[in-house]
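Structure data (mmCIF, C-alpha atoms) from run-v5.cif:
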data_target
loop_
_atom_site.group_PDB
_atom_site.id
_atom_site.type_symbol
_atom_site.label_atom_id
_atom_site.label_comp_id
_atom_site.auth_asym_id
_atom_site.auth_seq_id
_atom_site.Cartn_x
_atom_site.Cartn_y
_atom_site.Cartn_z
ATOM 1 C CA MET A 1 -9.137 -16.939 -24.849
ATOM 2 C CA VAL A 2 -7.177 -14.329 -22.922
ATOM 3 C CA LEU A 3 -3.901 -15.084 -21.143
ATOM 4 C CA TYR A 4 -3.443 -13.308 -17.812
ATOM 5 C CA PHE A 5 -0.173 -12.835 -15.943
ATOM 6 C CA GLN A 6 0.752 -11.143 -12.689
ATOM 7 C CA SER A 7 3.900 -9.101 -12.220
ATOM 8 C CA ASN A 8 5.206 -8.770 -8.676
ATOM 9 C CA ALA A 9 8.306 -6.875 -9.748
ATOM 10 C CA ASP A 10 7.130 -3.774 -7.869
ATOM 11 C CA GLU A 11 5.566 -3.328 -4.433
ATOM 12 C CA THR A 12 2.132 -3.161 -6.068
ATOM 13 C CA PRO A 13 1.322 -6.310 -8.124
ATOM 14 C CA VAL A 14 -0.103 -5.569 -11.560
ATOM 15 C CA LEU A 15 -2.030 -7.472 -14.194
ATOM 16 C CA LEU A 16 -0.605 -8.191 -17.634
ATOM 17 C CA TYR A 17 -2.710 -9.817 -20.324
ATOM 18 C CA MET A 18 -2.758 -10.658 -24.009
ATOM 19 C CA GLY A 19 -4.884 -12.404 -26.606
ATOM 20 C CA LYS A 20 -3.970 -15.848 -27.864
ATOM 21 C CA ASP A 21 -4.266 -14.837 -31.521
ATOM 22 C CA LYS A 22 -5.022 -11.875 -33.793
ATOM 23 C CA PHE A 23 -8.785 -12.383 -33.520
ATOM 24 C CA GLU A 24 -8.686 -12.025 -29.752
ATOM 25 C CA ASN A 25 -6.337 -9.071 -30.180
ATOM 26 C CA GLU A 26 -9.158 -7.441 -32.111
ATOM 27 C CA ASP A 27 -11.507 -7.837 -29.136
ATOM 28 C CA LEU A 28 -8.889 -6.464 -26.750
ATOM 29 C CA ILE A 29 -8.442 -3.407 -28.956
ATOM 30 C CA LYS A 30 -12.196 -2.832 -28.927
ATOM 31 C CA HIS A 31 -12.844 -3.412 -25.227
ATOM 32 C CA GLY A 32 -9.724 -2.010 -23.553
ATOM 33 C CA TRP A 33 -9.907 -0.037 -20.335
ATOM 34 C CA ASP A 34 -8.939 3.548 -19.710
ATOM 35 C CA ASN A 35 -6.014 2.430 -17.531
ATOM 36 C CA ASP A 36 -4.590 -0.109 -20.001
ATOM 37 C CA VAL A 37 -1.209 0.322 -21.684
ATOM 38 C CA TRP A 38 -0.485 -1.523 -24.943
ATOM 39 C CA PHE A 39 2.918 -3.111 -25.732
ATOM 40 C CA HIS A 40 4.216 -4.507 -29.035
ATOM 41 C CA VAL A 41 7.582 -5.330 -30.600
ATOM 42 C CA ASP A 42 8.476 -2.508 -32.975
ATOM 43 C CA LYS A 43 8.459 -3.399 -36.682
ATOM 44 C CA LEU A 44 7.958 -7.114 -35.972
ATOM 45 C CA SER A 45 4.966 -9.376 -35.437
ATOM 46 C CA SER A 46 4.243 -10.004 -31.761
ATOM 47 C CA ALA A 47 1.502 -10.489 -29.224
ATOM 48 C CA HIS A 48 -0.424 -7.437 -28.078
ATOM 49 C CA VAL A 49 0.508 -7.289 -24.409
ATOM 50 C CA TYR A 50 -1.454 -5.030 -22.083
ATOM 51 C CA LEU A 51 -0.541 -3.654 -18.688
ATOM 52 C CA ARG A 52 -3.476 -2.698 -16.485
ATOM 53 C CA LEU A 53 -2.343 0.216 -14.362
ATOM 54 C CA PRO A 54 -3.336 -0.016 -10.696
ATOM 55 C CA ASP A 55 -6.089 2.141 -9.211
ATOM 56 C CA GLY A 56 -6.184 3.761 -5.798
ATOM 57 C CA GLU A 57 -3.384 5.084 -3.612
ATOM 58 C CA ASN A 58 -0.670 3.188 -5.468
ATOM 59 C CA SER A 59 -1.755 4.300 -8.932
ATOM 60 C CA TYR A 60 0.563 5.834 -11.503
ATOM 61 C CA THR A 61 0.310 6.987 -15.093
ATOM 62 C CA TRP A 62 1.572 5.243 -18.210
ATOM 63 C CA GLU A 63 4.448 7.731 -18.281
ATOM 64 C CA ASP A 64 5.522 6.799 -14.745
ATOM 65 C CA ILE A 65 5.544 3.004 -14.980
ATOM 66 C CA PRO A 66 8.123 1.641 -12.490
ATOM 67 C CA GLN A 67 11.239 0.405 -14.257
ATOM 68 C CA ASN A 68 10.870 -3.183 -13.006
ATOM 69 C CA ILE A 69 7.290 -3.376 -14.296
ATOM 70 C CA LEU A 70 8.344 -1.874 -17.620
ATOM 71 C CA ILE A 71 11.049 -4.526 -17.970
ATOM 72 C CA ASP A 72 8.536 -7.295 -17.225
ATOM 73 C CA CYS A 73 6.174 -5.972 -19.902
ATOM 74 C CA ALA A 74 8.949 -5.665 -22.466
ATOM 75 C CA GLN A 75 10.302 -9.146 -21.724
ATOM 76 C CA LEU A 76 6.854 -10.731 -21.990
ATOM 77 C CA THR A 77 6.236 -8.930 -25.287
ATOM 78 C CA LYS A 78 9.586 -10.040 -26.713
ATOM 79 C CA ALA A 79 9.016 -13.637 -25.581
ATOM 80 C CA ASN A 80 5.728 -13.694 -27.476
ATOM 81 C CA SER A 81 7.176 -12.600 -30.777
ATOM 82 C CA ILE A 82 8.318 -15.484 -32.994
ATOM 83 C CA GLU A 83 10.996 -13.407 -34.679
ATOM 84 C CA GLY A 84 11.649 -10.938 -31.883
ATOM 85 C CA ASN A 85 12.223 -13.698 -29.336
ATOM 86 C CA LYS A 86 15.216 -14.928 -31.360
ATOM 87 C CA LYS A 87 16.851 -11.524 -31.729
ATOM 88 C CA ASN A 88 18.864 -9.340 -29.398
ATOM 89 C CA ASN A 89 18.643 -5.570 -29.187
ATOM 90 C CA ILE A 90 15.037 -5.125 -30.198
ATOM 91 C CA THR A 91 12.678 -2.263 -29.414
ATOM 92 C CA VAL A 92 9.315 -2.589 -27.714
ATOM 93 C CA ILE A 93 6.860 0.271 -28.143
ATOM 94 C CA TYR A 94 4.067 1.140 -25.757
ATOM 95 C CA THR A 95 1.204 3.619 -25.578
ATOM 96 C CA PRO A 96 -2.093 4.112 -23.706
ATOM 97 C CA TRP A 97 -4.938 1.967 -24.994
ATOM 98 C CA SER A 98 -6.883 5.144 -25.774
ATOM 99 C CA ASN A 99 -4.196 6.091 -28.308
ATOM 100 C CA LEU A 100 -4.794 2.990 -30.430
ATOM 101 C CA LYS A 101 -6.473 3.736 -33.753
ATOM 102 C CA LYS A 102 -8.380 1.180 -35.781
ATOM 103 C CA THR A 103 -9.788 1.790 -39.252
ATOM 104 C CA GLY A 104 -11.962 -0.391 -41.423
ATOM 105 C CA ALA A 105 -9.215 -0.836 -44.003
ATOM 106 C CA MET A 106 -6.841 -2.476 -41.533
ATOM 107 C CA GLU A 107 -6.313 -6.203 -41.254
ATOM 108 C CA THR A 108 -7.502 -8.165 -38.241
ATOM 109 C CA GLY A 109 -5.439 -7.279 -35.178
ATOM 110 C CA GLN A 110 -3.670 -4.393 -36.886
ATOM 111 C CA VAL A 111 -3.606 -0.939 -35.290
ATOM 112 C CA THR A 112 -1.999 2.454 -35.652
ATOM 113 C CA PHE A 113 -1.991 5.489 -33.358
ATOM 114 C CA HIS A 114 -3.930 8.703 -32.991
ATOM 115 C CA ASN A 115 -0.848 10.564 -31.771
ATOM 116 C CA MET A 116 2.722 9.353 -32.359
ATOM 117 C CA LYS A 117 3.933 11.659 -29.590
ATOM 118 C CA LEU A 118 2.175 9.362 -27.118
ATOM 119 C CA VAL A 119 4.243 6.344 -28.162
ATOM 120 C CA LYS A 120 7.261 5.443 -26.039
ATOM 121 C CA ARG A 121 10.045 2.966 -26.676
ATOM 122 C CA VAL A 122 12.055 0.656 -24.479
ATOM 123 C CA HIS A 123 15.202 -1.136 -25.603
ATOM 124 C CA VAL A 124 15.467 -4.859 -24.857
ATOM 125 C CA GLU A 125 19.028 -6.109 -25.077
ATOM 126 C CA GLU A 126 18.270 -9.799 -24.733
ATOM 127 C CA ARG A 127 15.714 -12.279 -23.416
ATOM 128 C CA ARG A 128 15.894 -12.776 -19.680
ATOM 129 C CA ASN A 129 14.610 -16.241 -18.932
ATOM 130 C CA GLU A 130 14.305 -15.649 -15.186
ATOM 131 C CA ILE A 131 11.727 -12.913 -15.847
ATOM 132 C CA VAL A 132 9.823 -14.768 -18.545
ATOM 133 C CA ASN A 133 9.696 -17.953 -16.461
ATOM 134 C CA ARG A 134 8.507 -16.044 -13.391
ATOM 135 C CA LEU A 135 5.681 -14.476 -15.361
ATOM 136 C CA ASN A 136 4.715 -17.731 -17.066
ATOM 137 C CA LYS A 137 4.275 -19.383 -13.664
ATOM 138 C CA THR A 138 1.422 -16.942 -12.998
ATOM 139 C CA LYS A 139 -0.309 -17.517 -16.352
ATOM 140 C CA ILE A 140 -4.052 -18.150 -16.293
ATOM 141 C CA GLU A 141 -6.189 -18.895 -19.359
ATOM 142 C CA GLU A 142 -9.727 -17.493 -19.268
ATOM 143 C CA TYR A 143 -12.638 -16.783 -21.601
ATOM 144 C CA PRO A 144 -13.948 -13.449 -20.281
ATOM 145 C CA ASP A 145 -16.884 -11.469 -21.581
ATOM 146 C CA LEU A 146 -14.780 -8.446 -22.488
ATOM 147 C CA ALA A 147 -17.757 -6.322 -23.534
ATOM 148 C CA LEU A 148 -19.546 -6.938 -20.227
ATOM 149 C CA GLU A 149 -16.396 -6.225 -18.223
ATOM 150 C CA LYS A 150 -15.991 -2.929 -20.085
ATOM 151 C CA ILE A 151 -19.604 -1.964 -19.316
ATOM 152 C CA LYS A 152 -19.072 -2.706 -15.615
ATOM 153 C CA ARG A 153 -15.832 -0.729 -15.608
ATOM 154 C CA ASP A 154 -17.430 2.306 -17.235
ATOM 155 C CA LYS A 155 -20.323 2.134 -14.777
ATOM 156 C CA GLU A 156 -17.891 2.015 -11.876
ATOM 157 C CA LEU A 157 -16.026 5.049 -13.198
ATOM 158 C CA ARG A 158 -19.284 6.999 -13.541
ATOM 159 C CA SER A 159 -20.217 6.123 -9.952
ATOM 160 C CA ILE A 160 -16.811 7.270 -8.725
ATOM 161 C CA ALA A 161 -17.105 10.521 -10.678
ATOM 162 C CA ARG A 162 -20.556 11.183 -9.204
ATOM 163 C CA ALA A 163 -19.299 10.479 -5.688
ATOM 164 C CA ILE A 164 -16.368 12.865 -6.174
ATOM 165 C CA GLU A 165 -18.669 15.559 -7.557
ATOM 166 C CA LYS A 166 -21.090 15.110 -4.652
ATOM 167 C CA ALA A 167 -18.295 15.311 -2.089
ATOM 168 C CA LYS A 168 -16.979 18.443 -3.781
ATOM 169 C CA MET A 169 -20.432 20.042 -3.746
ATOM 170 C CA LEU A 170 -20.976 19.211 -0.056
ATOM 171 C CA GLU A 171 -17.585 20.656 0.822
ATOM 172 C CA GLU A 172 -18.390 23.873 -1.039
ATOM 173 C CA MET A 173 -21.747 24.120 0.745
ATOM 174 C CA LYS A 174 -20.008 23.592 4.088
ATOM 175 C CA ILE A 175 -17.511 26.349 3.343
ATOM 176 C CA GLN A 176 -20.298 28.719 2.286
ATOM 177 C CA GLU A 177 -22.307 27.933 5.431
ATOM 178 C CA GLU A 178 -19.310 28.509 7.674
ATOM 179 C CA ALA A 179 -18.605 31.784 5.897
ATOM 180 C CA ARG A 180 -22.232 32.852 6.349
ATOM 181 C CA LYS A 181 -22.175 31.996 10.040
ATOM 182 C CA GLY A 182 -18.874 33.777 10.476
ATOM 183 C CA LEU A 183 -20.178 36.915 8.789
ATOM 184 C CA SER A 184 -23.359 36.836 10.859
ATOM 185 C CA GLY A 185 -21.447 36.332 14.084
ATOM 186 C CA THR A 186 -19.051 39.166 13.342
ATOM 187 C CA SER A 187 -21.884 41.636 12.638
ATOM 188 C CA TYR A 188 -23.709 40.714 15.832
ATOM 189 C CA ALA A 189 -20.538 41.047 17.872
ATOM 190 C CA ASP A 190 -19.826 44.462 16.410
ATOM 191 C CA ILE A 191 -23.294 45.664 17.358
ATOM 192 C CA MET A 192 -23.572 44.081 20.794
ATOM 193 C CA ASN A 193 -20.008 44.474 22.063
ATOM 194 C CA ASP A 194 -20.360 45.208 25.794
ATOM 195 C CA THR A 195 -17.110 47.146 25.904
ATOM 196 C CA GLU A 196 -18.521 49.723 23.466
ATOM 197 C CA MET A 197 -22.048 50.020 24.978
ATOM 198 C CA LYS A 198 -22.871 52.715 27.560
ATOM 199 C CA SER A 199 -25.749 52.924 30.000
ATOM 200 C CA ASN A 200 -28.208 55.798 30.094
ATOM 201 C CA LYS A 201 -26.597 56.983 33.330
ATOM 202 C CA GLN A 202 -23.157 57.124 31.692
ATOM 203 C CA LEU A 203 -24.567 59.074 28.768
ATOM 204 C CA GLN A 204 -26.269 61.567 31.094
ATOM 205 C CA GLU A 205 -23.025 62.029 33.028
ATOM 206 C CA GLU A 206 -21.325 62.860 29.725
ATOM 207 C CA GLY A 207 -23.903 65.564 29.001
ATOM 208 C CA PHE A 208 -26.284 63.722 26.670
ATOM 209 C CA ASP A 209 -30.048 64.113 27.117
ATOM 210 C CA VAL A 210 -31.175 60.516 26.521
ATOM 211 C CA GLU A 211 -34.865 61.293 26.096
ATOM 212 C CA ASP A 212 -34.251 64.100 23.620
ATOM 213 C CA ASP A 213 -31.919 61.975 21.545
ATOM 214 C CA PHE A 214 -34.637 59.406 20.891
ATOM 215 C CA MET A 215 -37.437 61.827 20.062
#

Rendering of file as structure tokens:
Amino acid sequence: MVLYFQSNADETPVLLYMGKDKFENEDLIKHGWDNDVWFHVDKLSSAHVYLRLPDGENSYTWEDIPQNILIDCAQLTKANSIEGNKKNNITVIYTPWSNLKKTGAMETGQVTFHNMKLVKRVHVEERRNEIVNRLNKTKIEEYPDLALEKIKRDKELRSIARAIEKAKMLEEMKIQEEARKGLSGTSYADIMNDTEMKSNKQLQEEGFDVEDDFM
């Protein structure tokens, strides 16, 4: 079972989610999305909370998470740590899902990181019940097919990439065609410019023998 929450702390609502136990955490680690950010209480046991970054015009990177959303994520993570929920002044760490590293020697639900430089920290002074209660009111329990959802997501991303590449190619072809037409038009204008052309009569008046010149 996966627990879903919605944060409306920013102008763009975002999805937060976590597994109910360490076995579901294992599935979330395996089937995360490219735009997921992982949160965990530092040095203490806690739920693996994920933030799904928004797509489209209101998108942002994991390094630019709005402060209100970051606070929501940290508060939800702290609230779902048995030990961390009781303590003040804890640290919550977060990193992109793609930075999570899992090896065969690790216990169920345990992870490390590919690159420690991609791990950020946020200080949580104390539990804020108004935030935790607001998030809990949005909680939905579901049993998703995480593997299937990941397949659909990857397919969607490939379709978007192809569409972008096609649009880019068409734009380049358009630019090349306009350049070709412009070059052709300029050459024709240079040759057929009426202001630079002279009649046979004008040439004869200037002393040119027209018939001899073309023999």

Where does the PyMOL selection byres ((chain A and resi 54-68) around 8) land in this file, that is, which residues does it pick, as a PDB file with C-alpha atoms, keeping the file's coordinate frame?
ATOM      1  CA  ALA A   9       8.306  -6.875  -9.748  1.00  0.00           C
ATOM      2  CA  ASP A  10       7.130  -3.774  -7.869  1.00  0.00           C
ATOM      3  CA  THR A  12       2.132  -3.161  -6.068  1.00  0.00           C
ATOM      4  CA  VAL A  14      -0.103  -5.569 -11.560  1.00  0.00           C
ATOM      5  CA  ASN A  35      -6.014   2.430 -17.531  1.00  0.00           C
ATOM      6  CA  VAL A  37      -1.209   0.322 -21.684  1.00  0.00           C
ATOM      7  CA  ARG A  52      -3.476  -2.698 -16.485  1.00  0.00           C
ATOM      8  CA  LEU A  53      -2.343   0.216 -14.362  1.00  0.00           C
ATOM      9  CA  ILE A  69       7.290  -3.376 -14.296  1.00  0.00           C
ATOM     10  CA  LEU A  70       8.344  -1.874 -17.620  1.00  0.00           C
ATOM     11  CA  ILE A  71      11.049  -4.526 -17.970  1.00  0.00           C
ATOM     12  CA  ASP A  72       8.536  -7.295 -17.225  1.00  0.00           C
ATOM     13  CA  THR A  95       1.204   3.619 -25.578  1.00  0.00           C
ATOM     14  CA  PRO A  96      -2.093   4.112 -23.706  1.00  0.00           C
TER      15      PRO A  96
END

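Proximity of A:Thr112, A:Asn25, A:Gln176, A:Ser46 to A:Val92, computed with all atoms listed in the file, is greatest for A:Ser46.
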
**OP:** I would like the residues chosen by the PyMOL selection byres ((chain A and resi 109) around 9) on the shown file; could you give them as a list in words?
**Re:** Asp21, Lys22, Phe23, Glu24, Asn25, Glu26, Asp27, Ile29, His48, Lys102, Met106, Glu107, Thr108, Gln110 and Val111 of chain A

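The interatomic distance for the pair atom CA of A:Tyr50 and atom CA of A:Gly104 works out to 22.5 Å.
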
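Closest approach to A:Thr103 among A:Lys30, A:Ser81, A:Glu156, A:Leu118 is made by A:Lys30 (distances from only C-alpha atoms).
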
Original post:
Which is closer to A:Leu15 than all the others in A:His31, A:Lys139, A:Lys101, A:His123, using only C-alpha atoms?
Top reply: A:Lys139

**OP:** Identify the residues within 12 Å of coordinate (-2.8, -19.2, -18.8) (same frame as the file), considering only C-alpha atoms, and give the answer as a PyMOL selection string.
**Re:** chain A and resi 1-6+16-20+135-143

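Here atom CA of A:Val122 and atom CA of A:Glu11 stand 21.4 Å from one another.
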
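Using all atoms listed in the file, the smallest distance between any of A:Gly182, A:Pro144, A:Gly32, A:Gly84 and A:Leu44 comes from A:Gly84.
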
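Using only C-alpha atoms, the smallest distance between any of A:Tyr94, A:Trp38, A:Trp33, A:Phe113 and A:Leu146 comes from A:Trp33.
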
**OP:** Enter the distance from atom CA of A:Val132 to atom CA of A:Val49, in Å, rounded to one decimal.
**Re:** 13.3 Å

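Closest to A:Leu28 among A:Ile175, A:Ala147, A:Ala163, A:Ile131 is A:Ala147, based on only C-alpha atoms.
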